[in-house]
file run_16.tsv (TSV, N, CA and C atoms)
chain	number	residue	atom	x	y	z
K	227	MET	N	74.66	103.62	82.54
K	227	MET	CA	76.08	103.39	82.43
K	227	MET	C	76.65	103.03	83.80
K	228	ASN	N	77.62	102.14	83.84
K	228	ASN	CA	78.22	101.70	85.10
K	228	ASN	C	79.10	102.80	85.68
K	229	GLU	N	79.08	102.88	87.00
K	229	GLU	CA	79.94	103.83	87.70
K	229	GLU	C	81.37	103.29	87.72
K	230	PRO	N	82.38	104.14	87.64
K	230	PRO	CA	83.77	103.65	87.73
K	230	PRO	C	84.02	103.07	89.12
K	231	ALA	N	84.88	102.07	89.17
K	231	ALA	CA	85.20	101.42	90.44
K	231	ALA	C	85.98	102.36	91.33
K	232	ASP	N	85.65	102.39	92.59
K	232	ASP	CA	86.37	103.19	93.58
K	232	ASP	C	87.54	102.35	94.08
K	233	MET	N	88.72	102.56	93.51
K	233	MET	CA	89.89	101.73	93.81
K	233	MET	C	90.29	101.84	95.28
K	234	GLU	N	90.18	103.02	95.87
K	234	GLU	CA	90.55	103.18	97.28
K	234	GLU	C	89.63	102.36	98.18
K	235	LEU	N	88.34	102.30	97.83
K	235	LEU	CA	87.39	101.50	98.60
K	235	LEU	C	87.73	100.02	98.48
K	236	ILE	N	88.04	99.59	97.26
K	236	ILE	CA	88.41	98.17	97.04
K	236	ILE	C	89.68	97.83	97.80
K	237	GLU	N	90.69	98.69	97.72
K	237	GLU	CA	91.96	98.43	98.42
K	237	GLU	C	91.75	98.41	99.93
K	238	GLY	N	90.88	99.29	100.43
K	238	GLY	CA	90.58	99.32	101.86
K	238	GLY	C	89.93	98.02	102.32
K	239	ARG	N	89.01	97.50	101.51
K	239	ARG	CA	88.35	96.24	101.85
K	239	ARG	C	89.36	95.09	101.83
K	240	GLN	N	90.23	95.08	100.84
K	240	GLN	CA	91.24	94.02	100.75
K	240	GLN	C	92.18	94.09	101.96
K	241	ARG	N	92.58	95.30	102.33
K	241	ARG	CA	93.48	95.47	103.47
K	241	ARG	C	92.80	94.99	104.75
K	242	ALA	N	91.52	95.31	104.92
K	242	ALA	CA	90.79	94.86	106.10
K	242	ALA	C	90.70	93.33	106.13
K	243	GLU	N	90.46	92.72	104.97
K	243	GLU	CA	90.41	91.26	104.90
K	243	GLU	C	91.78	90.66	105.22
K	244	ASP	N	92.86	91.28	104.74
K	244	ASP	CA	94.21	90.81	105.06
K	244	ASP	C	94.46	90.86	106.56
K	245	LEU	N	94.06	91.96	107.20
K	245	LEU	CA	94.25	92.09	108.65
K	245	LEU	C	93.44	91.04	109.41
K	246	ARG	N	92.22	90.77	108.94
K	246	ARG	CA	91.38	89.76	109.57
K	246	ARG	C	92.04	88.39	109.47
K	247	ARG	N	92.57	88.06	108.27
K	247	ARG	CA	93.23	86.76	108.06
K	247	ARG	C	94.46	86.62	108.93
K	248	LEU	N	95.23	87.71	109.07
K	248	LEU	CA	96.41	87.68	109.95
K	248	LEU	C	96.00	87.43	111.39
K	249	ALA	N	94.99	88.16	111.86
K	249	ALA	CA	94.54	88.04	113.25
K	249	ALA	C	94.00	86.64	113.53
K	250	ALA	N	93.36	86.03	112.53
K	250	ALA	CA	92.78	84.71	112.71
K	250	ALA	C	93.83	83.60	112.57
K	251	GLY	N	95.05	83.97	112.16
K	251	GLY	CA	96.10	82.98	111.98
K	251	GLY	C	95.96	82.16	110.71
K	252	GLU	N	95.16	82.66	109.76
K	252	GLU	CA	94.97	81.95	108.49
K	252	GLU	C	96.20	82.04	107.60
K	253	VAL	N	96.96	83.11	107.75
K	253	VAL	CA	98.18	83.31	106.97
K	253	VAL	C	99.25	83.89	107.87
K	254	THR	N	100.50	83.68	107.47
K	254	THR	CA	101.62	84.33	108.17
K	254	THR	C	101.93	85.64	107.46
K	255	PRO	N	102.65	86.53	108.11
K	255	PRO	CA	103.02	87.77	107.42
K	255	PRO	C	103.79	87.52	106.12
K	256	ASP	N	104.66	86.49	106.11
K	256	ASP	CA	105.42	86.17	104.89
K	256	ASP	C	104.50	85.70	103.78
K	257	GLN	N	103.52	84.84	104.13
K	257	GLN	CA	102.58	84.37	103.11
K	257	GLN	C	101.78	85.54	102.54
K	258	LEU	N	101.34	86.42	103.41
K	258	LEU	CA	100.55	87.57	102.97
K	258	LEU	C	101.38	88.48	102.07
K	259	GLN	N	102.63	88.67	102.43
K	259	GLN	CA	103.50	89.51	101.61
K	259	GLN	C	103.68	88.91	100.22
K	260	ARG	N	103.86	87.58	100.15
K	260	ARG	CA	104.00	86.93	98.84
K	260	ARG	C	102.72	87.06	98.03
K	261	GLU	N	101.57	86.91	98.69
K	261	GLU	CA	100.29	87.02	97.98
K	261	GLU	C	100.10	88.42	97.41
K	262	ASN	N	100.54	89.43	98.14
K	262	ASN	CA	100.31	90.81	97.73
K	262	ASN	C	101.44	91.40	96.90
K	263	ALA	N	102.47	90.61	96.62
K	263	ALA	CA	103.61	91.10	95.85
K	263	ALA	C	103.17	91.44	94.43
K	264	ILE	N	103.72	92.49	93.89
K	264	ILE	CA	103.42	92.89	92.51
K	264	ILE	C	103.93	91.82	91.56
K	265	VAL	N	105.15	91.36	91.79
K	265	VAL	CA	105.73	90.29	90.98
K	265	VAL	C	105.76	89.06	91.84
K	266	GLN	N	104.97	88.07	91.48
K	266	GLN	CA	104.94	86.84	92.26
K	266	GLN	C	105.89	85.84	91.65
K	267	SER	N	106.61	85.17	92.49
K	267	SER	CA	107.59	84.20	92.04
K	267	SER	C	107.43	82.92	92.83
K	268	ALA	N	107.58	81.81	92.15
K	268	ALA	CA	107.50	80.52	92.84
K	268	ALA	C	108.80	80.23	93.59
K	269	ALA	N	109.84	80.93	93.24
K	269	ALA	CA	111.15	80.68	93.86
K	269	ALA	C	111.41	81.72	94.95
K	270	ASP	N	112.05	81.29	96.00
K	270	ASP	CA	112.48	82.22	97.03
K	270	ASP	C	113.73	82.93	96.54
K	271	ILE	N	113.96	84.10	97.07
K	271	ILE	CA	115.17	84.84	96.71
K	271	ILE	C	116.35	84.17	97.40
K	272	LEU	N	117.35	83.83	96.63
K	272	LEU	CA	118.53	83.17	97.17
K	272	LEU	C	119.65	84.18	97.33
K	273	HIS	N	120.36	84.05	98.42
K	273	HIS	CA	121.53	84.90	98.63
K	273	HIS	C	122.73	84.17	98.05
K	274	VAL	N	123.35	84.77	97.06
K	274	VAL	CA	124.43	84.11	96.34
K	274	VAL	C	125.77	84.53	96.93
K	275	ASP	N	126.62	83.56	97.10
K	275	ASP	CA	127.96	83.80	97.61
K	275	ASP	C	128.90	84.03	96.43
K	276	PHE	N	129.35	85.26	96.27
K	276	PHE	CA	130.23	85.60	95.14
K	276	PHE	C	131.70	85.60	95.55
K	277	SER	N	132.02	85.04	96.70
K	277	SER	CA	133.42	85.00	97.11
K	277	SER	C	134.19	84.06	96.18
K	278	PRO	N	135.47	84.36	95.96
K	278	PRO	CA	136.25	83.55	95.02
K	278	PRO	C	136.39	82.11	95.49
K	279	LYS	N	136.36	81.22	94.53
K	279	LYS	CA	136.50	79.79	94.82
K	279	LYS	C	137.75	79.28	94.10
K	280	GLY	N	138.27	78.18	94.57
K	280	GLY	CA	139.42	77.58	93.90
K	280	GLY	C	140.73	78.06	94.48
K	281	THR	N	141.77	77.34	94.11
K	281	THR	CA	143.12	77.68	94.58
K	281	THR	C	143.76	78.66	93.60
K	282	ARG	N	144.89	79.22	94.01
K	282	ARG	CA	145.64	80.13	93.12
K	282	ARG	C	146.09	79.39	91.86
K	283	GLU	N	146.46	78.14	92.02
K	283	GLU	CA	146.92	77.35	90.87
K	283	GLU	C	145.78	77.12	89.88
K	284	GLN	N	144.59	76.82	90.40
K	284	GLN	CA	143.44	76.62	89.51
K	284	GLN	C	143.12	77.90	88.75
K	285	TRP	N	143.14	79.04	89.44
K	285	TRP	CA	142.85	80.30	88.77
K	285	TRP	C	143.93	80.64	87.75
K	286	ALA	N	145.19	80.36	88.09
K	286	ALA	CA	146.28	80.62	87.15
K	286	ALA	C	146.07	79.80	85.87
K	287	ARG	N	145.64	78.53	86.03
K	287	ARG	CA	145.39	77.67	84.87
K	287	ARG	C	144.20	78.20	84.05
K	288	ILE	N	143.17	78.64	84.71
K	288	ILE	CA	141.99	79.18	84.01
K	288	ILE	C	142.38	80.43	83.22
K	289	ILE	N	143.13	81.31	83.85
K	289	ILE	CA	143.55	82.55	83.18
K	289	ILE	C	144.45	82.23	82.00
K	290	GLU	N	145.37	81.30	82.19
K	290	GLU	CA	146.25	80.89	81.09
K	290	GLU	C	145.45	80.34	79.91
K	291	ASN	N	144.47	79.49	80.21
K	291	ASN	CA	143.61	78.93	79.14
K	291	ASN	C	142.83	80.02	78.43
K	292	LEU	N	142.32	80.99	79.18
K	292	LEU	CA	141.58	82.09	78.55
K	292	LEU	C	142.49	82.92	77.65
K	293	GLN	N	143.71	83.17	78.11
K	293	GLN	CA	144.65	83.93	77.30
K	293	GLN	C	145.01	83.18	76.02
K	294	GLN	N	145.23	81.88	76.12
K	294	GLN	CA	145.55	81.09	74.94
K	294	GLN	C	144.39	81.07	73.96
K	295	ASN	N	143.17	80.94	74.50
K	295	ASN	CA	141.99	80.92	73.64
K	295	ASN	C	141.79	82.25	72.94
K	296	SER	N	142.06	83.36	73.64
K	296	SER	CA	141.87	84.67	73.02
K	296	SER	C	142.94	84.93	71.95
K	297	GLU	N	144.13	84.33	72.09
K	297	GLU	CA	145.18	84.47	71.09
K	297	GLU	C	144.85	83.65	69.83
K	298	ASN	N	144.11	82.58	70.00
K	298	ASN	CA	143.78	81.71	68.88
K	298	ASN	C	142.57	82.18	68.09
K	299	ILE	N	141.94	83.22	68.53
K	299	ILE	CA	140.73	83.71	67.82
K	299	ILE	C	141.10	84.56	66.63

call {"tool": "encode", "arguments": {"input": "run_16.tsv", "output": "structure tokens"}}
result
Amino acid sequence: MNEPADMELIEGRQRAEDLRRLAAGEVTPDQLQRENAIVQSAADILHVDFSPKGTREQWARIIENLQQNSENI
């Protein structure tokens, strides 16, 4: 019967390989972090600006339209 895998040994070997690749300049710290991320994403995280946009008049018109629409439902 096969012996169970020693996960700590495997992780130690992977970590040593990561350090070797960093020292050799094969990867940057950012690249390595993306490779080792639990959830990998093709998109970078974007910082979204949630500050209000538009003029007071535009917002007043939007609010008025929303109120009219809710009255018509």

call {"tool": "select_by_dssp", "arguments": {"input": "run_16.tsv", "residues": "chain K", "states": "alpha helix (DSSP H)", "output": "ChimeraX atom specification"}}
result
/K:233-250,255-262,282-297

call {"tool": "atom_distance", "arguments": {"input": "run_16.tsv", "atom1": "atom N of Glu234 in chain K", "atom2": "atom N of Glu261 in chain K"}}
result
19.9 Å

call {"tool": "residues_near_point", "arguments": {"input": "run_16.tsv", "point": "(97.3, 84.7, 105.5)", "cutoff": "12 Å", "atoms": "only C-alpha atoms", "output": "list of chain:residue names"}}
result
K:Arg241, K:Glu243, K:Asp244, K:Leu245, K:Arg246, K:Arg247, K:Leu248, K:Ala249, K:Ala250, K:Gly251, K:Glu252, K:Val253, K:Thr254, K:Pro255, K:Asp256, K:Gln257, K:Leu258, K:Gln259, K:Arg260, K:Glu261, K:Asn262

call {"tool": "atom_distance", "arguments": {"input": "run_16.tsv", "atom1": "atom C of Ile288 in chain K", "atom2": "atom C of Val274 in chain K"}}
result
21.9 Å

call {"tool": "axis_aligned_box", "arguments": {"input": "run_16.tsv", "around": "range 251-267 of chain K", "padding_each_side": "8 Å", "output": "lines of an AutoDock Vina configuration file"}}
result
center_x = 101.3
center_y = 87.4
center_z = 101.6
size_x = 28.6
size_y = 26.9
size_z = 37.2

call {"tool": "atom_distance", "arguments": {"input": "run_16.tsv", "atom1": "CA of Ile299 in chain K", "atom2": "CA of Glu283 in chain K"}}
result
24.7 Å
